[in-house]
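> Below is one structure. I have some questions about it.
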Amino acid sequence: MRVLVVGGGAREHAILWKLAQSPRRPQLFAAPGNAGTASLAENLPVPADDLDALADAARDYAIDLTIVGPEIPLALGVADRFHAENLRIFGPTAAAAQIEGSKAFAKRLMRDAGVPTAPFAVFDDPAEARAYVRSHGAPIVVKADGLAAGKGVAVAQTLNEALAAVDAAMTGGAFGHAGERVVLEDCLSGPEVSVFCFTDGEYATPLAAACDYKRIFDGDHGPNTGGMGGYSPPPWWSADLERRVRETCIEPVIRHLARQGAPYVGVLYGGLMLTNDGPAVIEFNARFGDPEAELILPRLANDLLDVVDAALDGGLPALDLRWSGDCAVGVVLASGGYPGPYETGFPISGLREAAESALVFHAGTASRAASPNHDQAANPDATDIRAATDIRAAPPVSDGGRVLTLVGVAPTMAGARAKAYAAANAAAFRGKQFRSDIAAFAASDC
Ligand code: AMP
Ligand code: GLY
């Protein structure tokens with residue numbers, strides 16, 4: 001079986017790592033992948049958002065199954081394109097992926113399906129949005145409707161902040177077309193948790209829960225990032241809460257999308273807030289989270305290929321999908337300066353030591369150009385021919401904002417945390433930064 005994973009981050013590395021454990025021994029491909037995926041898969045020089053090139057690659061490489069990591073190809077309709085060409089793909093259609101691609105779509109869906117979510121209003125006209133903000137008062141949450149790489153949400157504590165956020169999105173072009181429509185919603189409060197299930201369009205598997213850390217600095221200071229780490233499961237997550245969230249927040253939207261003729265097949269990601277009135281949905285995403293995938297896939301007891309096959313071909317309810325009782329803690333190593341401007345191209349050392357205690361998932365990494373001259377010059381005493389000729393033998397270099405996700409897995413959260421931080425200290429590159437307070441609640445048990 002030949003399986004292609006679309007994307008090039010740590011989430012996709014984790015998907016490939018999990019696929020590589022399948023007893024069916026699939027032959028793996030990544031588009032475009034990174035230096036880490038190259039050890040498990042053949043990296044194809046195909047951008048994740050180029051639908052023509054992805055479909056060509058699926059045909060040229062006789063791919064039996066394509067699994068999509070990031071949201072952009074899904075929003076662009078990669079699943080529809082593959083279906084039209086009779087290529088097998090796991091991920092929602094563009095119609096169903098609007099659950100992430102349009103916050104207005106998601107909010108209306110939740111309202112119509114009776115899913116608890118913050119009261120809201122949708123605006124295309126900046127003057128009307130400003131008038132609503134003034135009449136509502138602060139705090140209020142301002143959200144760009146479209147995909148904004150996680151940056152389109154402002155939780156405004158004052159009227160001025162809210163009005164500035166409306167202007168930035170609707171007239172300032174801060175998020176391009178994605179901000180021309182905004183959703184304004186009431187501010188909720190409570191602990192946040194992300195939940196994930198596989199669905200065949202009707203049935204939702206048991207949920208895995210994880211918490212992530214979005215801010216760059218310890219104590220949740222500094223600007224938002226793609227995610228600096230996380231843990232799974234939260235210590236307070238319970239079978240009762242799982243059932244309640246599945247029944248009130250997840251199953252109703254899956255049923256509603258199916259009734260609308262846009263069945264959702266793929267991984268559904270719910271971002272929840274546990275308010276005093278019960279769980280409420282903050283947002284839906286049409287994919288695994290990153291870093292959440294790196295935390296929950298090591299806890300998936302089933303063969304991922306079996307799960308995906310069942311979601312596509314039937315049999316998901318009978319599969320007995322289980323999440324292990326293990327704890328996972330992930331620490332992201334980022335480039336200095338991220339999420340602002342940063343430099344790349346720095347060699348990464350200590351990966352072997354890191355892998356002794358934790359799972360090492362690559363995000364922004366690249367293989368250094370395999371130039372024998374370069375390697376010889378850098379290491380004139382090198383006697384290992386392979387080191388000079390095999391691109392995979394060269395140490396990878398940093399090539400993005402988030403560089404590595406290091407995941408400790410253990411029976412206790414304290415044990416998982418100790419492993420993740422041992423690896424975070426072992427792996428090194430110039431300018432490396434990481435949070436020291438991921439799963440800090442477990443630190444005292446270490
Ligand atoms: P989103 O991109 O929708 O996940 O929003 C990003 C973050 O904004 C969430 O993780 C929450 O912390 C916060 N947020 C979004 N919506 C609300 C809300 N209605 N009330 C309070 N905080 C919110
Ligand atoms: N960890 C947040 C996301 O993947 O959207």
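Here, A, B, ... name the chains of the structure tokens in the order displayed, residue numbers run from 1 inside each chain, and ligands are numbered from 1 in the same displayed order.
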What's around region 317-324 of chain A at 12 Å? Count only C-alpha atoms, leave out sequence neighbours fewer than 6 positions away in its own chain, and write the answer as a PyMOL selection string.
chain A and resi 196-210+232-233+239+295-311+409-411
> Region 181-268 of chain A: which residues are strand (DSSP E) by DSSP, as a ChimeraX atom specification?
/A:182-185,192-199,208-212,215-217,221-224,229-232,266-268
> Produce a file of the selected residues containing N, CA, C and O atoms, as a compact mmCIF listing (two decimals), in the first residue's frame.

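And here's selection_0.txt as it stands now:
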# COMPACT_ATOMS: atom_id res chain seq x y z
N VAL A 182 -16.79 39.70 9.50
CA VAL A 182 -16.37 39.36 10.86
C VAL A 182 -17.53 38.72 11.61
O VAL A 182 -18.70 38.96 11.31
N VAL A 183 -17.15 37.89 12.59
CA VAL A 183 -18.09 37.36 13.56
C VAL A 183 -17.79 38.06 14.87
O VAL A 183 -16.63 38.14 15.28
N LEU A 184 -18.83 38.63 15.49
CA LEU A 184 -18.67 39.24 16.81
C LEU A 184 -19.39 38.34 17.80
O LEU A 184 -20.54 37.94 17.54
N GLU A 185 -18.71 37.98 18.88
CA GLU A 185 -19.38 37.07 19.80
C GLU A 185 -19.09 37.38 21.25
O GLU A 185 -18.11 38.07 21.58
N GLU A 192 -9.74 25.75 28.64
CA GLU A 192 -9.90 25.36 27.23
C GLU A 192 -9.34 23.96 27.02
O GLU A 192 -8.35 23.57 27.63
N VAL A 193 -9.97 23.24 26.12
CA VAL A 193 -9.48 21.90 25.77
C VAL A 193 -9.80 21.65 24.31
O VAL A 193 -10.81 22.15 23.79
N SER A 194 -8.93 20.93 23.64
CA SER A 194 -9.18 20.55 22.25
C SER A 194 -9.54 19.07 22.21
O SER A 194 -8.92 18.27 22.93
N VAL A 195 -10.54 18.73 21.41
CA VAL A 195 -10.93 17.32 21.30
C VAL A 195 -10.87 16.89 19.83
O VAL A 195 -11.09 17.70 18.93
N PHE A 196 -10.58 15.62 19.63
CA PHE A 196 -10.38 15.10 18.28
C PHE A 196 -11.11 13.77 18.13
O PHE A 196 -11.06 12.93 19.03
N CYS A 197 -11.77 13.61 16.97
CA CYS A 197 -12.32 12.30 16.66
C CYS A 197 -12.14 12.04 15.18
O CYS A 197 -11.87 12.95 14.39
N PHE A 198 -12.24 10.77 14.82
CA PHE A 198 -12.34 10.37 13.41
C PHE A 198 -13.82 10.20 13.12
O PHE A 198 -14.56 9.71 13.97
N THR A 199 -14.23 10.60 11.92
CA THR A 199 -15.63 10.38 11.57
C THR A 199 -15.77 9.97 10.11
O THR A 199 -15.00 10.41 9.25
N ALA A 208 -10.20 12.08 21.75
CA ALA A 208 -8.95 12.31 22.49
C ALA A 208 -8.93 13.78 22.85
O ALA A 208 -9.30 14.63 22.03
N ALA A 209 -8.49 14.09 24.07
CA ALA A 209 -8.45 15.49 24.52
C ALA A 209 -7.01 15.92 24.76
O ALA A 209 -6.18 15.12 25.19
N ALA A 210 -6.74 17.19 24.45
CA ALA A 210 -5.40 17.73 24.66
C ALA A 210 -5.51 19.22 24.98
O ALA A 210 -6.49 19.86 24.62
N CYS A 211 -4.50 19.74 25.67
CA CYS A 211 -4.42 21.18 25.92
C CYS A 211 -3.14 21.69 25.28
O CYS A 211 -2.10 21.03 25.39
N ASP A 212 -3.23 22.85 24.62
CA ASP A 212 -2.01 23.40 24.03
C ASP A 212 -1.70 24.78 24.59
O ASP A 212 -2.52 25.37 25.30
N ARG A 215 0.80 30.94 23.55
CA ARG A 215 1.70 32.10 23.65
C ARG A 215 3.16 31.66 23.62
O ARG A 215 3.49 30.57 24.07
N ILE A 216 4.02 32.59 23.20
CA ILE A 216 5.42 32.23 23.03
C ILE A 216 6.16 32.07 24.36
O ILE A 216 7.03 31.21 24.48
N PHE A 217 5.81 32.86 25.37
CA PHE A 217 6.62 32.86 26.61
C PHE A 217 5.91 32.18 27.78
O PHE A 217 4.68 32.09 27.81
N HIS A 221 2.66 34.63 28.34
CA HIS A 221 3.00 35.99 27.95
C HIS A 221 3.45 36.01 26.49
O HIS A 221 3.83 34.99 25.94
N GLY A 222 3.42 37.23 25.93
CA GLY A 222 3.91 37.42 24.57
C GLY A 222 2.88 37.05 23.53
O GLY A 222 1.77 36.64 23.85
N PRO A 223 3.26 37.21 22.26
CA PRO A 223 2.30 37.01 21.18
C PRO A 223 1.92 35.54 20.97
O PRO A 223 2.60 34.63 21.45
N ASN A 224 0.83 35.35 20.25
CA ASN A 224 0.37 34.00 19.90
C ASN A 224 1.29 33.35 18.89
O ASN A 224 1.91 34.02 18.06
N GLY A 229 3.52 23.85 22.57
CA GLY A 229 3.59 22.58 23.31
C GLY A 229 2.21 22.24 23.82
O GLY A 229 1.22 22.94 23.55
N GLY A 230 2.15 21.15 24.57
CA GLY A 230 0.85 20.75 25.11
C GLY A 230 0.95 19.42 25.81
O GLY A 230 2.05 18.85 25.95
N TYR A 231 -0.20 18.97 26.28
CA TYR A 231 -0.24 17.67 26.95
C TYR A 231 -1.57 17.00 26.69
O TYR A 231 -2.56 17.64 26.33
N SER A 232 -1.57 15.68 26.85
CA SER A 232 -2.78 14.89 26.64
C SER A 232 -2.68 13.64 27.50
O SER A 232 -1.62 13.02 27.55
N GLY A 266 -13.36 12.64 7.99
CA GLY A 266 -12.00 13.07 8.31
C GLY A 266 -11.80 13.11 9.80
O GLY A 266 -12.46 12.39 10.54
N VAL A 267 -10.85 13.96 10.20
CA VAL A 267 -10.63 14.21 11.62
C VAL A 267 -11.35 15.51 11.95
O VAL A 267 -11.12 16.53 11.29
N LEU A 268 -12.20 15.48 12.95
CA LEU A 268 -12.88 16.70 13.38
C LEU A 268 -12.26 17.14 14.71
O LEU A 268 -12.10 16.33 15.62
> Which chains and residue numbers are within 8 Å of ligand 2, counting only C-alpha atoms and all ligand atoms, if I want them as a VMD selection string?
chain A and resid 150 212 to 214 226 to 227 285 288 to 292
> Apply DSSP to the backbone of this structure and, from region 304-437 of chain A, keep only the residues in helix (DSSP H, G or I); write these as a PyMOL selection string.
chain A and resi 304-313+317-319+351-357+372-378+385-389+391-393+413-426
> Neighbours of Leu44 (chain A) within 7 Å (only C-alpha atoms; same-chain residues fewer than 2 positions away dropped), as a tab-separated table (two decimals) with N, CA, C and O atoms, in the first residue's frame?

chain	number	residue	atom	x	y	z
A	29	PHE	N	4.96	8.38	1.47
A	29	PHE	CA	5.40	9.55	0.71
A	29	PHE	C	4.91	10.79	1.45
A	29	PHE	O	3.87	10.75	2.11
A	30	ALA	N	5.67	11.89	1.33
A	30	ALA	CA	5.25	13.15	1.95
A	30	ALA	C	5.30	14.25	0.90
A	30	ALA	O	6.18	14.27	0.05
A	31	ALA	N	4.34	15.19	0.98
A	31	ALA	CA	4.33	16.32	0.06
A	31	ALA	C	4.11	17.61	0.85
A	31	ALA	O	3.00	17.86	1.25
A	32	PRO	N	5.14	18.39	1.15
A	32	PRO	CA	6.53	18.17	0.74
A	32	PRO	C	7.37	17.47	1.82
A	32	PRO	O	8.49	17.11	1.53
A	42	GLU	N	9.34	8.97	1.29
A	42	GLU	CA	9.99	9.70	0.20
A	42	GLU	C	9.36	11.08	0.13
A	42	GLU	O	8.14	11.21	-0.04
A	46	VAL	N	6.48	18.75	-3.74
A	46	VAL	CA	5.14	19.20	-4.12
A	46	VAL	C	4.58	20.05	-2.99
A	46	VAL	O	4.44	19.56	-1.86
> Using only C-alpha atoms and all ligand atoms, which protein or nucleic acid residues are at most 6 Å from ligand 1, as a PyMOL selection string?
chain A and resi 118+141+150+153+155+185-189+282-283
> Kindly save the residues from that selection, with N, CA, C and O atoms included, as a JSON list (two decimals), in the first residue's frame.

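Listed below is the output, result_25.json:
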[["chain", "number", "residue", "atom", "x", "y", "z"],
["A", 118, "ALA", "N", -20.91, 30.51, 22.00],
["A", 118, "ALA", "CA", -21.19, 31.88, 22.43],
["A", 118, "ALA", "C", -22.19, 32.55, 21.48],
["A", 118, "ALA", "O", -22.10, 32.37, 20.26],
["A", 141, "VAL", "N", -15.63, 39.46, 21.54],
["A", 141, "VAL", "CA", -14.62, 38.77, 20.74],
["A", 141, "VAL", "C", -14.85, 39.08, 19.27],
["A", 141, "VAL", "O", -15.99, 38.97, 18.78],
["A", 150, "GLY", "N", -4.54, 31.32, 12.46],
["A", 150, "GLY", "CA", -4.65, 31.39, 13.92],
["A", 150, "GLY", "C", -4.53, 32.79, 14.49],
["A", 150, "GLY", "O", -4.50, 32.96, 15.70],
["A", 153, "VAL", "N", -8.32, 36.26, 15.62],
["A", 153, "VAL", "CA", -9.24, 36.43, 16.76],
["A", 153, "VAL", "C", -8.68, 37.46, 17.73],
["A", 153, "VAL", "O", -7.51, 37.39, 18.12],
["A", 155, "VAL", "N", -9.68, 38.96, 21.48],
["A", 155, "VAL", "CA", -10.56, 38.96, 22.66],
["A", 155, "VAL", "C", -10.41, 40.35, 23.26],
["A", 155, "VAL", "O", -9.44, 40.63, 23.96],
["A", 185, "GLU", "N", -18.71, 37.98, 18.88],
["A", 185, "GLU", "CA", -19.38, 37.07, 19.80],
["A", 185, "GLU", "C", -19.09, 37.38, 21.25],
["A", 185, "GLU", "O", -18.11, 38.07, 21.58],
["A", 186, "ASP", "N", -19.96, 36.88, 22.11],
["A", 186, "ASP", "CA", -19.80, 37.09, 23.55],
["A", 186, "ASP", "C", -18.54, 36.40, 24.03],
["A", 186, "ASP", "O", -18.12, 35.38, 23.48],
["A", 187, "CYS", "N", -17.96, 36.99, 25.06],
["A", 187, "CYS", "CA", -16.73, 36.44, 25.63],
["A", 187, "CYS", "C", -17.10, 35.40, 26.68],
["A", 187, "CYS", "O", -17.85, 35.69, 27.61],
["A", 188, "LEU", "N", -16.60, 34.21, 26.51],
["A", 188, "LEU", "CA", -16.84, 33.14, 27.48],
["A", 188, "LEU", "C", -15.59, 32.99, 28.35],
["A", 188, "LEU", "O", -14.52, 33.47, 27.99],
["A", 189, "SER", "N", -15.72, 32.28, 29.45],
["A", 189, "SER", "CA", -14.50, 32.00, 30.22],
["A", 189, "SER", "C", -14.56, 30.59, 30.80],
["A", 189, "SER", "O", -15.64, 30.04, 31.00],
["A", 282, "ILE", "N", -15.76, 26.79, 20.95],
["A", 282, "ILE", "CA", -15.15, 28.06, 20.55],
["A", 282, "ILE", "C", -14.91, 28.05, 19.04],
["A", 282, "ILE", "O", -15.10, 29.05, 18.36],
["A", 283, "GLU", "N", -14.48, 26.92, 18.52],
["A", 283, "GLU", "CA", -14.23, 26.81, 17.07],
["A", 283, "GLU", "C", -14.14, 25.34, 16.70],
["A", 283, "GLU", "O", -13.92, 24.47, 17.55]]
> So, counting only C-alpha atoms, which residue among A:Ala363, A:Ala10, A:Met273, A:Val133 is closest to Asp399 (chain A)?
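Among A:Ala363, A:Ala10, A:Met273, A:Val133, it is A:Ala363 that comes nearest to Asp399 (chain A).
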> Using only C-alpha atoms, which residues sit within 8 Å of Val332 (chain A) once same-chain residues fewer than 6 positions away are excluded, as an NGL selection string?
:A and (227-229 or 402-406 or 424 or 434-435)
> Limited to N, CA and C atoms, could you put the picked residues into a file as a PDB file, in the first residue's frame?

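After the write, out.pdb holds the following:
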ATOM      1  N   GLY A 227       1.609  27.290  18.339  1.00  0.00           N
ATOM      2  CA  GLY A 227       1.494  26.330  19.455  1.00  0.00           C
ATOM      3  C   GLY A 227       2.893  25.967  19.932  1.00  0.00           C
ATOM      4  N   MET A 228       3.136  26.131  21.216  1.00  0.00           N
ATOM      5  CA  MET A 228       4.477  25.922  21.768  1.00  0.00           C
ATOM      6  C   MET A 228       4.594  24.629  22.570  1.00  0.00           C
ATOM      7  N   GLY A 229       3.524  23.846  22.575  1.00  0.00           N
ATOM      8  CA  GLY A 229       3.586  22.582  23.308  1.00  0.00           C
ATOM      9  C   GLY A 229       2.210  22.237  23.825  1.00  0.00           C
ATOM     10  N   ARG A 402       8.665  27.139  14.002  1.00  0.00           N
ATOM     11  CA  ARG A 402       8.677  25.994  14.911  1.00  0.00           C
ATOM     12  C   ARG A 402       9.566  24.942  14.262  1.00  0.00           C
ATOM     13  N   VAL A 403      10.523  24.433  14.999  1.00  0.00           N
ATOM     14  CA  VAL A 403      11.561  23.581  14.401  1.00  0.00           C
ATOM     15  C   VAL A 403      11.342  22.103  14.756  1.00  0.00           C
ATOM     16  N   LEU A 404      11.115  21.814  16.022  1.00  0.00           N
ATOM     17  CA  LEU A 404      10.931  20.422  16.462  1.00  0.00           C
ATOM     18  C   LEU A 404       9.832  20.371  17.511  1.00  0.00           C
ATOM     19  N   THR A 405       9.101  19.258  17.553  1.00  0.00           N
ATOM     20  CA  THR A 405       8.241  18.970  18.707  1.00  0.00           C
ATOM     21  C   THR A 405       8.777  17.705  19.358  1.00  0.00           C
ATOM     22  N   LEU A 406       9.104  17.802  20.659  1.00  0.00           N
ATOM     23  CA  LEU A 406       9.673  16.673  21.392  1.00  0.00           C
ATOM     24  C   LEU A 406       8.616  16.161  22.345  1.00  0.00           C
ATOM     25  N   ALA A 424      14.260  18.245  25.106  1.00  0.00           N
ATOM     26  CA  ALA A 424      14.301  19.678  24.746  1.00  0.00           C
ATOM     27  C   ALA A 424      15.658  20.275  25.112  1.00  0.00           C
ATOM     28  N   PHE A 434      12.289  27.755  23.907  1.00  0.00           N
ATOM     29  CA  PHE A 434      11.131  26.915  24.229  1.00  0.00           C
ATOM     30  C   PHE A 434      10.572  27.325  25.578  1.00  0.00           C
ATOM     31  N   ARG A 435       9.311  26.992  25.782  1.00  0.00           N
ATOM     32  CA  ARG A 435       8.683  27.302  27.066  1.00  0.00           C
ATOM     33  C   ARG A 435       9.111  26.280  28.098  1.00  0.00           C
TER      34      ARG A 435
END
> To one decimal in Å, tell me the separation between CA of Ala48 (chain A) and CA of Asp64 (chain A).
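Result for CA of Ala48 (chain A) versus CA of Asp64 (chain A): 17.8 Å, one decimal.
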> With distances taken over only C-alpha atoms, which of A:Ala156, A:Val397, A:Val253, A:Ala55 is nearest to Leu351 (chain A)?
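Going through A:Ala156, A:Val397, A:Val253, A:Ala55 one by one, the smallest distance to Leu351 (chain A) is for A:Val397.
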> Skipping near chain neighbours, those fewer than 3 positions away, what residues fall within 8 Å of Ala439 (chain A) using only C-alpha atoms, listed as a PDB file with N, CA, C and O atoms, in the first residue's frame?

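The result, written out as out-v8.pdb:
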ATOM      1  N   GLY A 230       2.146  21.146  24.567  1.00  0.00           N
ATOM      2  CA  GLY A 230       0.848  20.749  25.107  1.00  0.00           C
ATOM      3  C   GLY A 230       0.950  19.421  25.815  1.00  0.00           C
ATOM      4  O   GLY A 230       2.051  18.854  25.948  1.00  0.00           O
ATOM      5  N   TYR A 231      -0.205  18.969  26.278  1.00  0.00           N
ATOM      6  CA  TYR A 231      -0.241  17.670  26.951  1.00  0.00           C
ATOM      7  C   TYR A 231      -1.569  16.998  26.686  1.00  0.00           C
ATOM      8  O   TYR A 231      -2.563  17.644  26.325  1.00  0.00           O
ATOM      9  N   VAL A 329       3.451  14.568  26.779  1.00  0.00           N
ATOM     10  CA  VAL A 329       3.783  15.992  26.914  1.00  0.00           C
ATOM     11  C   VAL A 329       4.674  16.365  25.741  1.00  0.00           C
ATOM     12  O   VAL A 329       5.647  15.654  25.450  1.00  0.00           O
ATOM     13  N   MET A 413       1.947  11.898  33.937  1.00  0.00           N
ATOM     14  CA  MET A 413       2.251  13.174  33.286  1.00  0.00           C
ATOM     15  C   MET A 413       3.643  13.654  33.696  1.00  0.00           C
ATOM     16  O   MET A 413       4.384  14.202  32.882  1.00  0.00           O
ATOM     17  N   ARG A 417       6.568  14.467  31.138  1.00  0.00           N
ATOM     18  CA  ARG A 417       7.153  15.812  31.128  1.00  0.00           C
ATOM     19  C   ARG A 417       8.673  15.742  31.258  1.00  0.00           C
ATOM     20  O   ARG A 417       9.411  16.438  30.547  1.00  0.00           O
ATOM     21  N   ALA A 442       2.423  19.261  36.571  1.00  0.00           N
ATOM     22  CA  ALA A 442       2.927  17.922  36.905  1.00  0.00           C
ATOM     23  C   ALA A 442       4.349  17.951  37.437  1.00  0.00           C
ATOM     24  O   ALA A 442       4.888  16.950  37.858  1.00  0.00           O
ATOM     25  N   ALA A 443       4.962  19.167  37.440  1.00  0.00           N
ATOM     26  CA  ALA A 443       6.401  19.243  37.745  1.00  0.00           C
ATOM     27  C   ALA A 443       6.701  18.772  39.160  1.00  0.00           C
ATOM     28  O   ALA A 443       7.698  18.115  39.406  1.00  0.00           O
TER      29      ALA A 443
END
